[in-house]
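Structure first, then comments.
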Amino acid sequence: MDDAQLVKECLKGNPKAQKTLFDRFAPKMFVVCLRYFKQRSQAEDALQDALIKVFVKLSEFKNEGVLEGWVRRIVVNTCLDHIRKNLKFQSDVSMGDVEYKIEQQEFTVENLMANDLIKLIQTMPEGYKVVFNLFAIEGYSHQEIAATLGISESTSKSQYLRARAYLKARIEKR
């Protein structure tokens with residue numbers, strides 16, 4: 001069943017279609033949630049809340065894009081909502097205070113398995129993890145991150161640089 005038909009059937013209240021939608025997206029979106037939370041239980045809570053939002057807002061999906069992208073956006077925003085409730089970001093830090101931690105050479109993670117990278121991301125301090133996920137994985141700009149999280153662009157940039165330095169140090173240890 002394609003996405004358009006799946007949405008149509010879900011909106012009709014078809015339980016098989018609803019289960020299909022859940023089964024199709026829950027595993028992928030759980031991995032997204034795990035990138036934002038250290039504890040599995042926090043990721044499960046965020047996923048549950050996100051999937052409820054997906055079903056409640058399904059009538060708003062206009063088939064103008066890919067359903068998975070629409071679902072992912074809801075999941076990411078739900079994770080951010082959970083984080084906003086429980087997280088205080090560090091105050092602004094000068095870029096010069098952090099730049100020394102990252103050498104000019106770029107490091108690669110090509111040899112890491114996806115699960116290893118997720119585990120490394122989960123060990124990051126909360127502020128680093130959120131900004132890293134939004135910038136490096138979700139593709140947000142620092143300006144968008146700042147607006148979304150209610151922080152300054154320089155804080156977003158410094159958190160990202162710190163996250164990269166953190167990952168680099170952990171990868172080099174391996």
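Residues are referred to by chain and number: the chain letter is A, B, ... according to the order shown in the structure tokens, the number counts from 1 in that chain, and ligands are numbered separately from 1 in the order shown.
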Nearby residues (only C-alpha atoms) at most 12 Å from Gln48 of chain A, same-chain spacing under 2 positions excluded, as a PDB file with N, CA and C atoms, in the first residue's frame:
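Okay, this is what ended up in result_2.pdb:
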ATOM      1  N   PHE A  22       1.965   2.406  11.789  1.00  0.00           N
ATOM      2  CA  PHE A  22       2.794   2.290  12.992  1.00  0.00           C
ATOM      3  C   PHE A  22       4.005   1.392  12.718  1.00  0.00           C
ATOM      4  N   PHE A  25       6.750   3.031  10.424  1.00  0.00           N
ATOM      5  CA  PHE A  25       7.544   4.174  10.870  1.00  0.00           C
ATOM      6  C   PHE A  25       8.107   4.076  12.281  1.00  0.00           C
ATOM      7  N   ALA A  26       7.487   3.315  13.161  1.00  0.00           N
ATOM      8  CA  ALA A  26       7.937   3.274  14.557  1.00  0.00           C
ATOM      9  C   ALA A  26       9.405   2.874  14.700  1.00  0.00           C
ATOM     10  N   PRO A  27       9.885   1.818  14.043  1.00  0.00           N
ATOM     11  CA  PRO A  27      11.298   1.449  14.232  1.00  0.00           C
ATOM     12  C   PRO A  27      12.273   2.543  13.774  1.00  0.00           C
ATOM     13  N   MET A  29      11.689   5.775  13.453  1.00  0.00           N
ATOM     14  CA  MET A  29      11.547   6.977  14.264  1.00  0.00           C
ATOM     15  C   MET A  29      12.078   6.757  15.677  1.00  0.00           C
ATOM     16  N   PHE A  30      12.080   5.508  16.132  1.00  0.00           N
ATOM     17  CA  PHE A  30      12.668   5.226  17.441  1.00  0.00           C
ATOM     18  C   PHE A  30      14.168   5.499  17.401  1.00  0.00           C
ATOM     19  N   CYS A  33      14.638   9.132  17.815  1.00  0.00           N
ATOM     20  CA  CYS A  33      14.471   9.509  19.228  1.00  0.00           C
ATOM     21  C   CYS A  33      15.696   9.133  20.049  1.00  0.00           C
ATOM     22  N   SER A  41      14.050   4.757  27.877  1.00  0.00           N
ATOM     23  CA  SER A  41      12.694   5.088  28.315  1.00  0.00           C
ATOM     24  C   SER A  41      12.284   6.497  27.869  1.00  0.00           C
ATOM     25  N   GLN A  42      13.240   7.438  27.862  1.00  0.00           N
ATOM     26  CA  GLN A  42      12.939   8.794  27.387  1.00  0.00           C
ATOM     27  C   GLN A  42      12.630   8.772  25.889  1.00  0.00           C
ATOM     28  N   ALA A  43      13.402   8.004  25.141  1.00  0.00           N
ATOM     29  CA  ALA A  43      13.170   7.886  23.695  1.00  0.00           C
ATOM     30  C   ALA A  43      11.811   7.243  23.431  1.00  0.00           C
ATOM     31  N   GLU A  44      11.470   6.233  24.217  1.00  0.00           N
ATOM     32  CA  GLU A  44      10.168   5.564  24.048  1.00  0.00           C
ATOM     33  C   GLU A  44       9.021   6.528  24.341  1.00  0.00           C
ATOM     34  N   ASP A  45       9.167   7.332  25.391  1.00  0.00           N
ATOM     35  CA  ASP A  45       8.129   8.317  25.725  1.00  0.00           C
ATOM     36  C   ASP A  45       7.951   9.330  24.604  1.00  0.00           C
ATOM     37  N   ALA A  46       9.065   9.826  24.091  1.00  0.00           N
ATOM     38  CA  ALA A  46       8.996  10.816  23.002  1.00  0.00           C
ATOM     39  C   ALA A  46       8.372  10.196  21.754  1.00  0.00           C
ATOM     40  N   ALA A  50       5.025  11.374  19.928  1.00  0.00           N
ATOM     41  CA  ALA A  50       5.118  11.770  18.522  1.00  0.00           C
ATOM     42  C   ALA A  50       4.131  10.994  17.657  1.00  0.00           C
ATOM     43  N   LEU A  51       4.032   9.703  17.884  1.00  0.00           N
ATOM     44  CA  LEU A  51       3.122   8.900  17.054  1.00  0.00           C
ATOM     45  C   LEU A  51       1.664   9.237  17.334  1.00  0.00           C
ATOM     46  N   ILE A  52       1.363   9.605  18.562  1.00  0.00           N
ATOM     47  CA  ILE A  52       0.000  10.079  18.851  1.00  0.00           C
ATOM     48  C   ILE A  52      -0.269  11.343  18.042  1.00  0.00           C
ATOM     49  N   LYS A  53       0.710  12.262  18.013  1.00  0.00           N
ATOM     50  CA  LYS A  53       0.557  13.486  17.223  1.00  0.00           C
ATOM     51  C   LYS A  53       0.387  13.163  15.741  1.00  0.00           C
ATOM     52  N   VAL A  54       1.137  12.179  15.252  1.00  0.00           N
ATOM     53  CA  VAL A  54       1.020  11.787  13.846  1.00  0.00           C
ATOM     54  C   VAL A  54      -0.408  11.372  13.541  1.00  0.00           C
ATOM     55  N   PHE A  55      -0.982  10.504  14.374  1.00  0.00           N
ATOM     56  CA  PHE A  55      -2.346  10.037  14.122  1.00  0.00           C
ATOM     57  C   PHE A  55      -3.372  11.155  14.284  1.00  0.00           C
ATOM     58  N   ILE A  74       7.612  15.658  12.774  1.00  0.00           N
ATOM     59  CA  ILE A  74       6.815  15.604  13.997  1.00  0.00           C
ATOM     60  C   ILE A  74       7.617  14.949  15.121  1.00  0.00           C
ATOM     61  N   VAL A  75       8.332  13.880  14.798  1.00  0.00           N
ATOM     62  CA  VAL A  75       9.130  13.169  15.803  1.00  0.00           C
ATOM     63  C   VAL A  75      10.232  14.080  16.341  1.00  0.00           C
ATOM     64  N   THR A  78       8.786  16.771  18.515  1.00  0.00           N
ATOM     65  CA  THR A  78       8.348  16.214  19.791  1.00  0.00           C
ATOM     66  C   THR A  78       9.543  15.968  20.709  1.00  0.00           C
ATOM     67  N   CYS A  79      10.631  15.461  20.153  1.00  0.00           N
ATOM     68  CA  CYS A  79      11.857  15.278  20.948  1.00  0.00           C
ATOM     69  C   CYS A  79      12.329  16.623  21.497  1.00  0.00           C
ATOM     70  N   HIS A  82      10.213  17.709  24.401  1.00  0.00           N
ATOM     71  CA  HIS A  82      10.584  16.999  25.628  1.00  0.00           C
ATOM     72  C   HIS A  82      11.869  17.584  26.222  1.00  0.00           C
TER      73      HIS A  82
END
Residues within 12 Å of Lys28 of chain A, please, as a PyMOL selection string. Count only C-alpha atoms; anything in the same chain fewer than 4 positions from it doesn't count.
chain A and resi 21-24+32-35+47+51+68-69+71-72+75
In Å, how far is it from atom CA of Trp70 of chain A to atom CA of Lys57 of chain A?
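According to the coordinates, atom CA of Trp70 of chain A and atom CA of Lys57 of chain A are separated by 10.5 Å.
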Nearest to Ala114 of chain A, chosen from A:Val31, A:Ala17, A:Ala4, A:Val130, with only C-alpha atoms counted in the distances
A:Val31
Computed interatomic separation between atom CA of Phe37 of chain A and atom CA of Leu167 of chain A (Å):
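Separation of atom CA of Phe37 of chain A and atom CA of Leu167 of chain A: 16.0 Å.
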I'd like the contact shell of Glu138 of chain A - 10 Å cut-off, only C-alpha atoms, skipping same-chain residues fewer than 2 positions apart - returned as a short mmCIF file (atom, residue, chain, number, x, y, z; two decimals) with N, CA and C atoms, in the first residue's frame.
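Wrote around_29.cif, looks like this:
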data_model
loop_
_atom_site.label_atom_id
_atom_site.label_comp_id
_atom_site.auth_asym_id
_atom_site.auth_seq_id
_atom_site.Cartn_x
_atom_site.Cartn_y
_atom_site.Cartn_z
N VAL A 32 15.58 7.73 15.55
CA VAL A 32 15.68 9.20 15.61
C VAL A 32 15.59 9.65 17.07
N ARG A 72 8.86 12.28 10.36
CA ARG A 72 10.15 12.59 10.99
C ARG A 72 10.13 13.98 11.61
N ARG A 73 9.56 14.95 10.91
CA ARG A 73 9.51 16.32 11.41
C ARG A 73 8.72 16.38 12.72
N VAL A 76 10.95 14.75 15.46
CA VAL A 76 12.04 15.65 15.89
C VAL A 76 11.48 16.77 16.75
N VAL A 131 21.99 20.04 19.60
CA VAL A 131 22.48 20.89 18.51
C VAL A 131 23.14 20.03 17.42
N PHE A 132 23.92 19.03 17.81
CA PHE A 132 24.57 18.15 16.83
C PHE A 132 23.52 17.45 15.98
N ASN A 133 22.51 16.89 16.60
CA ASN A 133 21.45 16.20 15.85
C ASN A 133 20.75 17.15 14.88
N LEU A 134 20.41 18.33 15.37
CA LEU A 134 19.68 19.27 14.51
C LEU A 134 20.54 19.76 13.35
N PHE A 135 21.81 20.06 13.62
CA PHE A 135 22.66 20.62 12.57
C PHE A 135 23.20 19.54 11.63
N ALA A 136 23.87 18.54 12.20
CA ALA A 136 24.58 17.55 11.38
C ALA A 136 23.66 16.49 10.78
N TYR A 140 19.30 21.42 9.98
CA TYR A 140 18.91 22.77 10.39
C TYR A 140 20.12 23.70 10.29
N SER A 141 19.87 24.98 10.04
CA SER A 141 20.95 25.97 10.10
C SER A 141 21.10 26.42 11.55
#
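Computed from the coordinates, the atom CA of Arg162 of chain A to atom CA of His142 of chain A distance equals 14.1 Å.
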Just list as JSON, numbers by chain whatever in chain A DSSP marks as alpha helix (DSSP H).
{"A": [3, 4, 5, 6, 7, 8, 9, 10, 11, 15, 16, 17, 18, 19, 20, 21, 22, 23, 24, 25, 26, 27, 28, 29, 30, 31, 32, 33, 34, 35, 36, 40, 41, 42, 43, 44, 45, 46, 47, 48, 49, 50, 51, 52, 53, 54, 55, 56, 57, 67, 68, 69, 70, 71, 72, 73, 74, 75, 76, 77, 78, 79, 80, 81, 82, 83, 84, 85, 86, 95, 96, 97, 98, 99, 114, 115, 116, 117, 118, 119, 120, 121, 122, 126, 127, 128, 129, 130, 131, 132, 142, 143, 144, 145, 146, 147, 148, 149, 153, 154, 155, 156, 157, 158, 159, 160, 161, 162, 163, 164, 165, 166, 167, 168, 169, 170, 171, 172, 173]}
Near-Ser59 of chain A list (8 Å; only C-alpha atoms; drop same-chain fewer than 3 positions) as a PyMOL selection string
chain A and resi 11+56+62
Using only C-alpha atoms, determine which residues lie at most 10 Å from Tyr166 of chain A, disregarding the query and same-chain residues fewer than 2 positions distant; provide the list as a PDB file with C-alpha atoms, in the first residue's frame.
ATOM      1  CA  LYS A 101      39.430  21.876  20.486  1.00  0.00           C
ATOM      2  CA  ILE A 102      38.964  21.032  16.835  1.00  0.00           C
ATOM      3  CA  LEU A 120      28.468   7.866  20.986  1.00  0.00           C
ATOM      4  CA  ILE A 121      25.861  10.551  20.321  1.00  0.00           C
ATOM      5  CA  THR A 123      26.781   9.847  25.609  1.00  0.00           C
ATOM      6  CA  MET A 124      27.086  13.523  24.706  1.00  0.00           C
ATOM      7  CA  PRO A 125      25.999  16.205  27.165  1.00  0.00           C
ATOM      8  CA  TYR A 128      25.791  19.170  22.499  1.00  0.00           C
ATOM      9  CA  TYR A 160      28.113  22.115  17.684  1.00  0.00           C
ATOM     10  CA  LEU A 161      31.891  22.640  17.816  1.00  0.00           C
ATOM     11  CA  ARG A 162      31.991  21.125  21.280  1.00  0.00           C
ATOM     12  CA  ALA A 163      29.923  18.178  20.084  1.00  0.00           C
ATOM     13  CA  ARG A 164      32.302  17.559  17.193  1.00  0.00           C
ATOM     14  CA  LYS A 168      36.361  13.215  17.704  1.00  0.00           C
ATOM     15  CA  ALA A 169      37.950  12.482  21.068  1.00  0.00           C
ATOM     16  CA  ARG A 170      35.739   9.413  21.562  1.00  0.00           C
ATOM     17  CA  ILE A 171      36.411   8.122  18.052  1.00  0.00           C
TER      18      ILE A 171
END
